[in-house]
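Peer 1: I am sharing target03.cif, which consists of mmCIF, C-alpha atoms:
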data_final
#
loop_
_atom_site.group_PDB
_atom_site.id
_atom_site.type_symbol
_atom_site.label_atom_id
_atom_site.label_comp_id
_atom_site.auth_asym_id
_atom_site.auth_seq_id
_atom_site.Cartn_x
_atom_site.Cartn_y
_atom_site.Cartn_z
ATOM 1 C CA MET Q 143 -15.631 -55.542 -96.823
ATOM 2 C CA GLN Q 144 -17.700 -53.167 -94.751
ATOM 3 C CA GLU Q 145 -14.991 -51.626 -92.585
ATOM 4 C CA LEU Q 146 -11.543 -50.335 -93.376
ATOM 5 C CA SER Q 147 -10.171 -52.299 -90.420
ATOM 6 C CA MET Q 148 -11.182 -55.525 -92.196
ATOM 7 C CA ASN Q 149 -9.192 -54.516 -95.274
ATOM 8 C CA VAL Q 150 -6.247 -53.893 -92.955
ATOM 9 C CA LEU Q 151 -6.584 -57.361 -91.425
ATOM 10 C CA ASP Q 152 -6.728 -58.834 -94.910
ATOM 11 C CA ILE Q 153 -3.782 -57.071 -96.516
ATOM 12 C CA ALA Q 154 -1.559 -57.370 -93.431
ATOM 13 C CA GLN Q 155 -1.743 -61.133 -93.993
ATOM 14 C CA ASN Q 156 0.053 -60.546 -97.301
ATOM 15 C CA SER Q 157 2.964 -59.212 -95.248
ATOM 16 C CA VAL Q 158 2.840 -62.292 -93.019
ATOM 17 C CA ALA Q 159 2.737 -64.532 -96.095
ATOM 18 C CA ALA Q 160 5.741 -62.626 -97.482
ATOM 19 C CA GLY Q 161 7.667 -63.728 -94.393
ATOM 20 C CA ALA Q 162 7.955 -60.219 -92.952
ATOM 21 C CA PRO Q 163 9.393 -60.280 -89.421
ATOM 22 C CA LEU Q 164 7.988 -56.769 -88.849
ATOM 23 C CA THR Q 165 4.910 -55.058 -90.276
ATOM 24 C CA ARG Q 166 4.161 -51.445 -89.485
ATOM 25 C CA ILE Q 167 0.544 -50.381 -89.754
ATOM 26 C CA THR Q 168 -0.019 -46.650 -89.546
ATOM 27 C CA LEU Q 169 -3.295 -44.800 -89.683
ATOM 28 C CA GLU Q 170 -3.011 -41.068 -89.919
ATOM 29 C CA ILE Q 171 -6.053 -38.818 -89.732
ATOM 30 C CA ASP Q 172 -5.449 -35.198 -90.595
ATOM 31 C CA HIS Q 173 -8.601 -33.114 -90.351
ATOM 32 C CA ALA Q 174 -7.009 -29.854 -91.479
ATOM 33 C CA ALA Q 175 -5.781 -31.482 -94.679
ATOM 34 C CA GLY Q 176 -8.956 -33.579 -95.038
ATOM 35 C CA TRP Q 177 -7.179 -36.909 -95.531
ATOM 36 C CA GLN Q 178 -7.008 -40.268 -93.801
ATOM 37 C CA THR Q 179 -3.918 -42.229 -94.789
ATOM 38 C CA LEU Q 180 -3.324 -45.907 -94.156
ATOM 39 C CA THR Q 181 0.162 -47.342 -94.568
ATOM 40 C CA VAL Q 182 1.104 -50.999 -94.280
ATOM 41 C CA ALA Q 183 4.864 -51.348 -94.564
ATOM 42 C CA ASP Q 184 6.673 -54.671 -94.224
ATOM 43 C CA ASN Q 185 10.177 -56.038 -94.495
ATOM 44 C CA GLY Q 186 9.094 -59.237 -96.217
ATOM 45 C CA LYS Q 187 10.432 -60.757 -99.407
ATOM 46 C CA GLY Q 188 8.963 -58.047 -101.666
ATOM 47 C CA MET Q 189 7.786 -58.445 -105.246
ATOM 48 C CA SER Q 190 9.281 -58.353 -108.684
ATOM 49 C CA PRO Q 191 8.449 -55.174 -110.672
ATOM 50 C CA GLU Q 192 6.234 -57.330 -112.937
ATOM 51 C CA MET Q 193 4.232 -58.657 -109.999
ATOM 52 C CA ALA Q 194 4.006 -55.232 -108.353
ATOM 53 C CA ALA Q 195 2.579 -53.759 -111.547
ATOM 54 C CA ARG Q 196 -0.166 -56.384 -111.779
ATOM 55 C CA VAL Q 197 -1.046 -56.821 -108.137
ATOM 56 C CA THR Q 198 -4.235 -54.753 -108.117
ATOM 57 C CA ASP Q 199 -5.665 -56.964 -110.845
ATOM 58 C CA PRO Q 200 -8.140 -59.281 -109.069
ATOM 59 C CA PHE Q 201 -6.992 -62.150 -111.262
ATOM 60 C CA CYS Q 202 -3.413 -61.799 -110.163
ATOM 61 C CA THR Q 203 -2.157 -63.665 -107.097
ATOM 62 C CA SER Q 204 0.981 -65.470 -106.040
ATOM 63 C CA ARG Q 205 -0.876 -68.212 -104.229
ATOM 64 C CA LYS Q 206 -1.397 -71.578 -105.809
ATOM 65 C CA SER Q 207 -4.750 -72.602 -104.303
ATOM 66 C CA ARG Q 208 -6.856 -70.397 -106.582
ATOM 67 C CA LYS Q 209 -6.423 -67.751 -109.234
ATOM 68 C CA VAL Q 210 -8.038 -64.715 -107.639
ATOM 69 C CA GLY Q 211 -6.601 -62.285 -105.105
ATOM 70 C CA LEU Q 212 -9.054 -59.673 -103.899
ATOM 71 C CA GLY Q 213 -7.354 -58.062 -100.896
ATOM 72 C CA LEU Q 214 -5.506 -55.211 -102.633
ATOM 73 C CA PRO Q 215 -8.198 -54.607 -105.299
ATOM 74 C CA PHE Q 216 -10.754 -54.130 -102.507
ATOM 75 C CA LEU Q 217 -8.536 -51.645 -100.674
ATOM 76 C CA LYS Q 218 -7.814 -49.766 -103.894
ATOM 77 C CA MET Q 219 -11.518 -49.554 -104.648
ATOM 78 C CA ALA Q 220 -12.308 -48.315 -101.127
ATOM 79 C CA ALA Q 221 -9.720 -45.524 -101.461
ATOM 80 C CA GLU Q 222 -10.712 -44.515 -104.974
ATOM 81 C CA MET Q 223 -14.401 -44.369 -104.080
ATOM 82 C CA THR Q 224 -13.580 -41.400 -101.818
ATOM 83 C CA GLY Q 225 -11.459 -39.610 -104.403
ATOM 84 C CA GLY Q 226 -8.256 -40.994 -102.939
ATOM 85 C CA GLU Q 227 -5.804 -43.551 -104.268
ATOM 86 C CA MET Q 228 -3.719 -46.574 -103.393
ATOM 87 C CA THR Q 229 -0.052 -46.867 -104.176
ATOM 88 C CA LEU Q 230 2.316 -49.774 -103.752
ATOM 89 C CA GLU Q 231 6.068 -49.769 -103.554
ATOM 90 C CA SER Q 232 7.946 -53.006 -103.451
ATOM 91 C CA ARG Q 233 11.524 -54.169 -103.755
ATOM 92 C CA GLU Q 234 12.545 -57.783 -103.886
ATOM 93 C CA GLY Q 235 14.387 -58.769 -100.753
ATOM 94 C CA VAL Q 236 13.536 -55.467 -99.037
ATOM 95 C CA GLY Q 237 9.791 -55.338 -98.522
ATOM 96 C CA THR Q 238 6.515 -53.823 -99.597
ATOM 97 C CA THR Q 239 4.714 -50.639 -98.596
ATOM 98 C CA VAL Q 240 1.067 -50.133 -99.399
ATOM 99 C CA THR Q 241 -0.368 -46.639 -98.941
ATOM 100 C CA ALA Q 242 -4.052 -45.829 -99.279
ATOM 101 C CA ARG Q 243 -5.445 -42.317 -99.014
ATOM 102 C CA PHE Q 244 -9.064 -41.574 -98.255
ATOM 103 C CA ARG Q 245 -10.857 -38.242 -98.470
ATOM 104 C CA LEU Q 246 -12.287 -37.480 -95.022
ATOM 105 C CA GLY Q 247 -15.967 -36.655 -94.863
ATOM 106 C CA HIS Q 248 -16.633 -38.269 -98.268
ATOM 107 C CA ILE Q 249 -19.986 -40.000 -98.401
ATOM 108 C CA ASP Q 250 -18.372 -43.213 -99.639
ATOM 109 C CA LEU Q 251 -15.691 -43.280 -96.937
ATOM 110 C CA MET Q 252 -15.962 -46.671 -95.287
ATOM 111 C CA PRO Q 253 -16.201 -46.621 -91.478
ATOM 112 C CA LEU Q 254 -12.926 -47.412 -89.765
ATOM 113 C CA GLY Q 255 -14.523 -50.198 -87.699
ATOM 114 C CA ASP Q 256 -12.791 -52.202 -85.027
ATOM 115 C CA MET Q 257 -9.080 -51.534 -85.569
ATOM 116 C CA ALA Q 258 -8.306 -52.826 -82.070
ATOM 117 C CA ALA Q 259 -9.692 -56.262 -82.995
ATOM 118 C CA THR Q 260 -7.731 -56.244 -86.243
ATOM 119 C CA ILE Q 261 -4.391 -55.407 -84.632
ATOM 120 C CA ALA Q 262 -4.907 -57.687 -81.622
ATOM 121 C CA GLY Q 263 -5.998 -60.483 -83.987
ATOM 122 C CA LEU Q 264 -2.850 -60.109 -86.088
ATOM 123 C CA MET Q 265 -0.656 -60.242 -82.982
ATOM 124 C CA GLN Q 266 -2.564 -63.206 -81.547
ATOM 125 C CA CYS Q 267 -2.514 -65.287 -84.730
ATOM 126 C CA ASN Q 268 1.091 -64.512 -85.686
ATOM 127 C CA PRO Q 269 2.945 -64.510 -82.367
ATOM 128 C CA ASP Q 270 6.290 -65.161 -84.069
ATOM 129 C CA LYS Q 271 5.947 -61.959 -86.143
ATOM 130 C CA ASP Q 272 5.975 -58.374 -84.956
ATOM 131 C CA PHE Q 273 3.513 -55.583 -85.607
ATOM 132 C CA VAL Q 274 3.693 -51.915 -84.787
ATOM 133 C CA TYR Q 275 0.403 -50.050 -84.974
ATOM 134 C CA THR Q 276 0.417 -46.284 -84.864
ATOM 135 C CA LEU Q 277 -2.717 -44.181 -84.788
ATOM 136 C CA ARG Q 278 -2.048 -40.509 -85.365
ATOM 137 C CA VAL Q 279 -4.864 -37.993 -85.223
ATOM 138 C CA ASP Q 280 -3.977 -34.371 -85.948
ATOM 139 C CA GLY Q 281 -0.430 -34.902 -84.711
ATOM 140 C CA GLU Q 282 -1.292 -36.766 -81.504
ATOM 141 C CA ALA Q 283 -0.270 -40.428 -81.566
ATOM 142 C CA PHE Q 284 -0.754 -43.782 -79.879
ATOM 143 C CA THR Q 285 1.466 -46.764 -80.659
ATOM 144 C CA ALA Q 286 1.041 -50.462 -79.877
ATOM 145 C CA ASP Q 287 4.242 -52.426 -80.454
ATOM 146 C CA SER Q 288 4.274 -56.225 -80.133
ATOM 147 C CA ARG Q 289 8.027 -56.186 -79.424
ATOM 148 C CA GLU Q 290 7.387 -54.135 -76.310
ATOM 149 C CA MET Q 291 4.622 -56.557 -75.267
ATOM 150 C CA LYS Q 292 6.883 -59.579 -75.757
ATOM 151 C CA GLN Q 293 9.517 -57.942 -73.606
ATOM 152 C CA ILE Q 294 7.036 -57.658 -70.738
ATOM 153 C CA LEU Q 295 5.653 -61.160 -71.277
ATOM 154 C CA GLY Q 296 9.082 -62.768 -71.298
ATOM 155 C CA GLY Q 297 9.829 -65.940 -73.205
ATOM 156 C CA GLU Q 298 7.293 -68.291 -71.698
ATOM 157 C CA VAL Q 299 3.950 -66.518 -72.199
ATOM 158 C CA SER Q 300 2.900 -66.045 -75.820
ATOM 159 C CA LEU Q 301 0.850 -63.305 -77.500
ATOM 160 C CA ALA Q 302 -1.294 -66.206 -78.733
ATOM 161 C CA GLU Q 303 -2.691 -66.828 -75.229
ATOM 162 C CA PRO Q 304 -6.397 -65.914 -75.371
ATOM 163 C CA SER Q 305 -6.276 -63.890 -72.147
ATOM 164 C CA VAL Q 306 -3.260 -61.928 -73.427
ATOM 165 C CA ALA Q 307 -4.968 -61.299 -76.789
ATOM 166 C CA LEU Q 308 -8.098 -60.118 -75.029
ATOM 167 C CA PHE Q 309 -6.104 -57.669 -72.916
ATOM 168 C CA ILE Q 310 -4.279 -56.322 -75.977
ATOM 169 C CA ARG Q 311 -7.559 -55.693 -77.784
ATOM 170 C CA GLN Q 312 -8.918 -53.760 -74.807
ATOM 171 C CA PHE Q 313 -5.619 -51.900 -74.392
ATOM 172 C CA ILE Q 314 -5.657 -50.706 -78.009
ATOM 173 C CA GLU Q 315 -9.365 -49.901 -77.896
ATOM 174 C CA GLU Q 316 -9.149 -47.803 -74.725
ATOM 175 C CA ASN Q 317 -6.050 -45.922 -75.778
ATOM 176 C CA SER Q 318 -7.338 -45.206 -79.305
ATOM 177 C CA ALA Q 319 -10.753 -43.980 -78.193
ATOM 178 C CA PRO Q 320 -9.713 -40.504 -76.964
ATOM 179 C CA LEU Q 321 -7.879 -39.832 -80.244
ATOM 180 C CA LEU Q 322 -10.752 -41.069 -82.386
ATOM 181 C CA ASP Q 323 -13.308 -39.125 -80.323
ATOM 182 C CA LYS Q 324 -11.273 -35.993 -80.839
ATOM 183 C CA GLY Q 325 -11.471 -36.724 -84.528
ATOM 184 C CA GLU Q 326 -15.246 -37.002 -84.412
ATOM 185 C CA GLU Q 327 -15.477 -33.569 -82.813
ATOM 186 C CA ALA Q 328 -13.268 -32.067 -85.476
ATOM 187 C CA LEU Q 329 -15.538 -33.220 -88.303
ATOM 188 C CA MET P 144 -7.176 -46.493 -69.016
ATOM 189 C CA LYS P 145 -5.283 -49.734 -69.519
ATOM 190 C CA SER P 146 -1.507 -49.579 -69.386
ATOM 191 C CA LEU P 147 0.798 -52.062 -71.081
ATOM 192 C CA GLN P 148 2.405 -52.747 -67.717
ATOM 193 C CA GLU P 149 -0.738 -54.678 -66.720
ATOM 194 C CA LEU P 150 0.585 -57.413 -69.015
ATOM 195 C CA ALA P 151 3.081 -58.259 -66.290
ATOM 196 C CA ALA P 152 0.256 -59.352 -63.975
ATOM 197 C CA ILE P 153 -1.294 -61.514 -66.715
ATOM 198 C CA ARG P 154 2.135 -63.025 -67.379
ATOM 199 C CA ASP P 155 2.609 -63.956 -63.732
ATOM 200 C CA LYS P 156 -0.848 -65.528 -63.593
ATOM 201 C CA MET P 157 -0.241 -67.473 -66.823
ATOM 202 C CA ARG P 158 3.202 -68.818 -65.985
ATOM 203 C CA GLN P 159 1.874 -71.720 -63.986
ATOM 204 C CA THR P 160 -0.604 -72.975 -66.614
ATOM 205 C CA VAL P 161 1.825 -72.497 -69.477
ATOM 206 C CA SER P 162 4.458 -74.698 -67.898
ATOM 207 C CA THR P 163 1.971 -77.525 -67.297
ATOM 208 C CA ARG P 164 0.766 -77.246 -70.883
ATOM 209 C CA GLU P 165 4.232 -77.548 -72.349
ATOM 210 C CA ALA P 166 4.618 -80.789 -70.475
ATOM 211 C CA ALA P 167 1.336 -82.063 -71.923
ATOM 212 C CA HIS P 168 2.093 -81.069 -75.558
ATOM 213 C CA ASP P 169 -1.448 -81.683 -76.720
ATOM 214 C CA ALA P 170 -3.259 -78.362 -76.660
ATOM 215 C CA VAL P 171 -6.616 -78.121 -78.402
ATOM 216 C CA ARG P 172 -6.539 -75.803 -81.426
ATOM 217 C CA VAL P 173 -9.339 -73.647 -82.821
ATOM 218 C CA VAL P 174 -8.416 -72.427 -86.307
ATOM 219 C CA VAL P 175 -10.444 -69.642 -87.924
ATOM 220 C CA GLY P 176 -10.286 -69.089 -91.704
ATOM 221 C CA MET P 177 -9.132 -65.491 -92.131
ATOM 222 C CA ALA P 178 -8.519 -64.936 -95.830
ATOM 223 C CA THR P 179 -10.443 -62.248 -97.766
ATOM 224 C CA CYS P 180 -13.467 -64.544 -98.048
ATOM 225 C CA GLY P 181 -13.524 -65.364 -94.334
ATOM 226 C CA ILE P 182 -12.990 -61.777 -93.191
ATOM 227 C CA ALA P 183 -15.722 -60.472 -95.508
ATOM 228 C CA ALA P 184 -18.125 -63.106 -94.151
ATOM 229 C CA GLY P 185 -17.455 -62.134 -90.528
ATOM 230 C CA ALA P 186 -14.484 -64.202 -89.347
ATOM 231 C CA ARG P 187 -13.052 -61.495 -87.100
ATOM 232 C CA PRO P 188 -16.005 -61.322 -84.669
ATOM 233 C CA VAL P 189 -15.894 -65.132 -84.574
ATOM 234 C CA LEU P 190 -12.177 -65.088 -83.673
ATOM 235 C CA ASN P 191 -12.933 -62.449 -81.026
ATOM 236 C CA ALA P 192 -15.775 -64.502 -79.573
ATOM 237 C CA PHE P 193 -13.600 -67.644 -79.330
ATOM 238 C CA THR P 194 -10.845 -65.617 -77.669
ATOM 239 C CA GLU P 195 -13.290 -64.149 -75.126
ATOM 240 C CA GLU P 196 -15.088 -67.414 -74.345
ATOM 241 C CA VAL P 197 -11.894 -69.457 -74.053
ATOM 242 C CA ALA P 198 -10.286 -66.839 -71.784
ATOM 243 C CA ALA P 199 -13.450 -66.595 -69.654
ATOM 244 C CA ALA P 200 -13.685 -70.368 -69.282
ATOM 245 C CA GLY P 201 -9.955 -70.586 -68.527
ATOM 246 C CA LEU P 202 -9.518 -73.354 -71.101
ATOM 247 C CA ASP P 203 -6.177 -74.581 -72.375
ATOM 248 C CA VAL P 204 -7.011 -73.873 -76.023
ATOM 249 C CA LEU P 205 -5.048 -72.122 -78.751
ATOM 250 C CA VAL P 206 -7.155 -69.838 -80.963
ATOM 251 C CA THR P 207 -5.476 -69.051 -84.261
ATOM 252 C CA GLN P 208 -6.043 -68.486 -87.987
ATOM 253 C CA THR P 209 -5.508 -70.010 -91.367
ATOM 254 C CA GLY P 210 -5.950 -68.809 -94.951
ATOM 255 C CA CYS P 211 -8.601 -69.778 -97.468
ATOM 256 C CA ILE P 212 -9.296 -73.504 -97.401
ATOM 257 C CA GLY P 213 -11.371 -73.390 -100.578
ATOM 258 C CA ILE P 214 -14.951 -73.515 -99.312
ATOM 259 C CA CYS P 215 -15.597 -69.765 -99.402
ATOM 260 C CA GLN P 216 -19.383 -70.202 -99.601
ATOM 261 C CA TYR P 217 -19.315 -71.743 -96.110
ATOM 262 C CA GLU P 218 -17.288 -68.978 -94.433
ATOM 263 C CA PRO P 219 -16.728 -68.171 -91.636
ATOM 264 C CA VAL P 220 -15.179 -71.628 -91.336
ATOM 265 C CA VAL P 221 -13.651 -72.865 -88.076
ATOM 266 C CA GLU P 222 -11.683 -76.075 -87.622
ATOM 267 C CA VAL P 223 -11.270 -77.661 -84.212
ATOM 268 C CA TYR P 224 -8.379 -80.025 -83.579
ATOM 269 C CA MET P 225 -8.564 -82.140 -80.444
ATOM 270 C CA PRO P 226 -5.946 -84.726 -79.602
ATOM 271 C CA GLY P 227 -7.177 -88.221 -80.369
ATOM 272 C CA GLN P 228 -10.218 -86.970 -82.324
ATOM 273 C CA ALA P 229 -10.924 -86.391 -86.007
ATOM 274 C CA LYS P 230 -10.871 -82.721 -87.065
ATOM 275 C CA THR P 231 -14.257 -80.979 -86.783
ATOM 276 C CA THR P 232 -15.147 -78.356 -89.415
ATOM 277 C CA TYR P 233 -17.755 -75.799 -88.409
ATOM 278 C CA VAL P 234 -19.302 -73.648 -91.136
ATOM 279 C CA LYS P 235 -21.195 -70.345 -91.334
ATOM 280 C CA MET P 236 -20.079 -69.558 -87.827
ATOM 281 C CA THR P 237 -21.338 -66.596 -85.802
ATOM 282 C CA PRO P 238 -20.348 -65.235 -82.378
ATOM 283 C CA ASP P 239 -23.600 -66.699 -81.012
ATOM 284 C CA LYS P 240 -22.719 -70.202 -82.195
ATOM 285 C CA VAL P 241 -19.274 -69.858 -80.611
ATOM 286 C CA LYS P 242 -20.649 -69.987 -77.065
ATOM 287 C CA ARG P 243 -22.175 -73.405 -77.659
ATOM 288 C CA VAL P 244 -19.082 -74.778 -79.405
ATOM 289 C CA VAL P 245 -16.930 -73.682 -76.461
ATOM 290 C CA GLN P 246 -19.254 -75.178 -73.856
ATOM 291 C CA GLN P 247 -20.271 -78.379 -75.620
ATOM 292 C CA HIS P 248 -17.188 -79.209 -77.681
ATOM 293 C CA LEU P 249 -14.108 -77.558 -76.190
ATOM 294 C CA LYS P 250 -15.251 -78.026 -72.613
ATOM 295 C CA GLY P 251 -17.507 -81.082 -72.926
ATOM 296 C CA GLY P 252 -15.735 -82.950 -75.703
ATOM 297 C CA ASN P 253 -18.845 -83.380 -77.867
ATOM 298 C CA PRO P 254 -18.852 -81.616 -81.256
ATOM 299 C CA VAL P 255 -21.980 -79.583 -82.093
ATOM 300 C CA ALA P 256 -23.103 -81.716 -85.060
ATOM 301 C CA GLU P 257 -25.675 -79.259 -86.408
ATOM 302 C CA TYR P 258 -23.044 -76.547 -87.013
ATOM 303 C CA THR P 259 -20.644 -78.829 -88.877
ATOM 304 C CA ILE P 260 -20.054 -79.007 -92.600
ATOM 305 C CA GLY P 261 -21.645 -82.463 -92.629
ATOM 306 C CA ALA P 262 -24.967 -80.982 -91.519
ATOM 307 C CA ALA P 263 -24.744 -78.052 -93.960
ATOM 308 C CA ARG P 264 -24.256 -80.161 -97.082
#
Any chance you could give the structure as structure tokens?
Peer 2:
Amino acid sequence: MQELSMNVLDIAQNSVAAGAPLTRITLEIDHAAGWQTLTVADNGKGMSPEMAARVTDPFCTSRKSRKVGLGLPFLKMAAEMTGGEMTLESREGVGTTVTARFRLGHIDLMPLGDMAATIAGLMQCNPDKDFVYTLRVDGEAFTADSREMKQILGGEVSLAEPSVALFIRQFIEENSAPLLDKGEEAL
Amino acid sequence: MKSLQELAAIRDKMRQTVSTREAAHDAVRVVVGMATCGIAAGARPVLNAFTEEVAAAGLDVLVTQTGCIGICQYEPVVEVYMPGQAKTTYVKMTPDKVKRVVQQHLKGGNPVAEYTIGAAR
């Protein structure tokens, strides 16, 4: 993985696979504190304490097709390389929250990459699920909420429509840019 | 800057096509492998490229994802399902290859043989 946004795309699919109707993806950049924090919180089926304890082991996975699961180990590695950490909280029947903290300005901090494509892709490919993406930079925030989009689209036009997905990507990109640019200046 | 309210205009434009499609029930599907292996190999730009090209061409095609289908060394893998045709599996896809698949296969009905798994093996 060369961009943090690709890790986000990857681990958010765990939430989809866990049957989560709603997944909240939050990226918080705090220049004064020097941290970038990513949170992926879902209300899916959750994990047993045994599974939760082993989940960052690359040879641990719940899927049956093969015996490796690299999504969370990759994210953990990316966070730890910057002096940060990844934590996971999960309760069976309630959901799972993954939090990864990255030290801003660290030489090994992976570029954020195309978060707009990640979020729009998740909404496009899982139109029956909901996603709320919040980008918060030094207290100023932008939120993209698929529930709000569905309300505008009405029942008959899906988030899976290519022209809708394309618009959503551009919408997220344009609205995130001023916040991210502000961040660049602060560094 | 784009506002979410612009979705309303897209919705109104789409309504017509969507209702005809539901009657037809045989939409073409483009399925991109988006597990860890696919994403690491570049599946997201491929999904983006399909979305852009399909929207630009105004085709009645669903672009979606699947997990790992077990041929990680060939990622990004894309499967195309067309009614009445055998499934086509494209391997080692790139955004550049997408343009030709959209024009020749999705629009023209002829799979691009040289990009398929049969040609790669």
Peer 1: When you draw a straight line from CA of Pro269 in chain Q to CA of Ser288 in chain Q, how long is it in Å?
Peer 2: 8.7 Å
Peer 1: Using only C-alpha atoms, which residues of chain P come within 9 Å of chain Q, and what is the closest atom pair for each, with the distance in Å to one decimal? Give it as a tab-separated table, sorted by chain and residue number.
Peer 2:
residue	atom	partner	partner_atom	distance
P:Met144	CA	Q:Glu316	CA	6.2
P:Lys145	CA	Q:Phe313	CA	5.3
P:Ser146	CA	Q:Phe313	CA	6.9
P:Leu147	CA	Q:Phe313	CA	7.2
P:Gln148	CA	Q:Ile294	CA	7.4
P:Glu149	CA	Q:Phe309	CA	8.7
P:Leu150	CA	Q:Ile294	CA	6.7
P:Ala151	CA	Q:Ile294	CA	6.0
P:Ile153	CA	Q:Val306	CA	7.0
P:Arg154	CA	Q:Leu295	CA	5.6
P:Asp155	CA	Q:Leu295	CA	8.6
P:Met157	CA	Q:Val299	CA	6.9
P:Arg158	CA	Q:Val299	CA	6.7
P:Val161	CA	Q:Val299	CA	6.9
P:Ser162	CA	Q:Glu298	CA	8.0
P:Met177	CA	Q:Asp152	CA	7.6
P:Ala178	CA	Q:Asp152	CA	6.4
P:Thr179	CA	Q:Asp152	CA	5.8
P:Cys180	CA	Q:Leu212	CA	8.8
P:Ile182	CA	Q:Met148	CA	6.6
P:Ala183	CA	Q:Met143	CA	5.1
P:Ala184	CA	Q:Met143	CA	8.4
P:Arg187	CA	Q:Ala259	CA	7.5
P:Pro188	CA	Q:Ala259	CA	8.3
P:Leu190	CA	Q:Gly263	CA	7.7
P:Asn191	CA	Q:Ala259	CA	7.3
P:Phe193	CA	Q:Pro304	CA	8.4
P:Thr194	CA	Q:Pro304	CA	5.0
P:Glu195	CA	Q:Leu308	CA	6.6
P:Glu196	CA	Q:Pro304	CA	8.9
P:Val197	CA	Q:Pro304	CA	6.7
P:Ala198	CA	Q:Ser305	CA	5.0
P:Ala199	CA	Q:Ser305	CA	8.1
P:Gly201	CA	Q:Ser305	CA	8.5
P:Asp203	CA	Q:Glu303	CA	9.0
P:Val204	CA	Q:Pro304	CA	8.0
P:Leu205	CA	Q:Glu303	CA	6.8
P:Val206	CA	Q:Pro304	CA	6.9
P:Thr207	CA	Q:Cys267	CA	4.8
P:Gln208	CA	Q:Cys267	CA	5.8
P:Thr209	CA	Q:Cys267	CA	8.7
P:Gly210	CA	Q:Gln155	CA	8.8
P:Cys211	CA	Q:Ser207	CA	8.3
P:Ile212	CA	Q:Ser207	CA	8.3
P:Gly213	CA	Q:Ser207	CA	7.6
Peer 1: Considering only C-alpha atoms, return as a ChimeraX atom specification whatever protein or nucleic-acid residues lie within 10 Å of Lys230 in chain P, sequence-local ones (same chain, fewer than 5 positions apart) excluded.
Peer 2: /P:172,222-225,254
Peer 1: Centre and edge lengths of an axis-aligned box around all listed atoms of range 143-162 of chain Q, with 5 Å added on each side, are to be given in Å to one decimal, as JSON.
Peer 2:
{"center_x": -4.9, "center_y": -57.4, "center_z": -94.0, "size_x": 35.7, "size_y": 24.2, "size_z": 17.1}
Peer 1: Evaluate the PyMOL selection byres ((chain Q and resi 176-189) around 6) against this structure - the residues, as an mmCIF file with C-alpha atoms, in the frame of the given file, please.
Peer 2:
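Generated file (selection_6.cif):
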data_model
loop_
_atom_site.group_PDB
_atom_site.id
_atom_site.type_symbol
_atom_site.label_atom_id
_atom_site.label_comp_id
_atom_site.auth_asym_id
_atom_site.auth_seq_id
_atom_site.Cartn_x
_atom_site.Cartn_y
_atom_site.Cartn_z
ATOM 1 C CA SER Q 157 2.964 -59.212 -95.248
ATOM 2 C CA ALA Q 160 5.741 -62.626 -97.482
ATOM 3 C CA GLY Q 161 7.667 -63.728 -94.393
ATOM 4 C CA ALA Q 162 7.955 -60.219 -92.952
ATOM 5 C CA LEU Q 164 7.988 -56.769 -88.849
ATOM 6 C CA THR Q 165 4.910 -55.058 -90.276
ATOM 7 C CA ARG Q 166 4.161 -51.445 -89.485
ATOM 8 C CA ILE Q 167 0.544 -50.381 -89.754
ATOM 9 C CA THR Q 168 -0.019 -46.650 -89.546
ATOM 10 C CA LEU Q 169 -3.295 -44.800 -89.683
ATOM 11 C CA GLU Q 170 -3.011 -41.068 -89.919
ATOM 12 C CA ILE Q 171 -6.053 -38.818 -89.732
ATOM 13 C CA ASP Q 172 -5.449 -35.198 -90.595
ATOM 14 C CA HIS Q 173 -8.601 -33.114 -90.351
ATOM 15 C CA ALA Q 174 -7.009 -29.854 -91.479
ATOM 16 C CA ALA Q 175 -5.781 -31.482 -94.679
ATOM 17 C CA SER Q 190 9.281 -58.353 -108.684
ATOM 18 C CA MET Q 193 4.232 -58.657 -109.999
ATOM 19 C CA ALA Q 194 4.006 -55.232 -108.353
ATOM 20 C CA SER Q 232 7.946 -53.006 -103.451
ATOM 21 C CA ARG Q 233 11.524 -54.169 -103.755
ATOM 22 C CA GLU Q 234 12.545 -57.783 -103.886
ATOM 23 C CA GLY Q 235 14.387 -58.769 -100.753
ATOM 24 C CA VAL Q 236 13.536 -55.467 -99.037
ATOM 25 C CA GLY Q 237 9.791 -55.338 -98.522
ATOM 26 C CA THR Q 238 6.515 -53.823 -99.597
ATOM 27 C CA THR Q 239 4.714 -50.639 -98.596
ATOM 28 C CA VAL Q 240 1.067 -50.133 -99.399
ATOM 29 C CA THR Q 241 -0.368 -46.639 -98.941
ATOM 30 C CA ALA Q 242 -4.052 -45.829 -99.279
ATOM 31 C CA ARG Q 243 -5.445 -42.317 -99.014
ATOM 32 C CA PHE Q 244 -9.064 -41.574 -98.255
ATOM 33 C CA ARG Q 245 -10.857 -38.242 -98.470
ATOM 34 C CA LEU Q 246 -12.287 -37.480 -95.022
#
Peer 1: Please expand the PyMOL selection byres ((chain P and resi 226) around 8) into the concrete residues it hits in this file, giving the result as a list in words.
Peer 2: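 Going through the file, the PyMOL selection byres ((chain P and resi 226) around 8) ends up selecting Asp169, Ala170, Val171, Tyr224, Met225, Gly227 and Gln228 of chain P.
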Peer 1: Find the distance between CA of Lys242 in chain P and CA of Gly185 in chain P and write it in Å to one decimal.
Peer 2: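 Computed distance, CA of Lys242 in chain P to CA of Gly185 in chain P, equals 15.9 Å.
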Peer 1: Using only C-alpha atoms, which protein or nucleic acid residues come within 12 Å of Asn253 in chain P? Drop anything in the same chain fewer than 3 positions from it, and give the result as a ChimeraX atom specification.
Peer 2: /P:223,225,228-229,231,243-250,256-257
Peer 1: What is the distance between CA of Val220 in chain P and CA of Gly181 in chain P, in Å to one decimal?
Peer 2: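 Distance reported for this atom pair: 7.1 Å.
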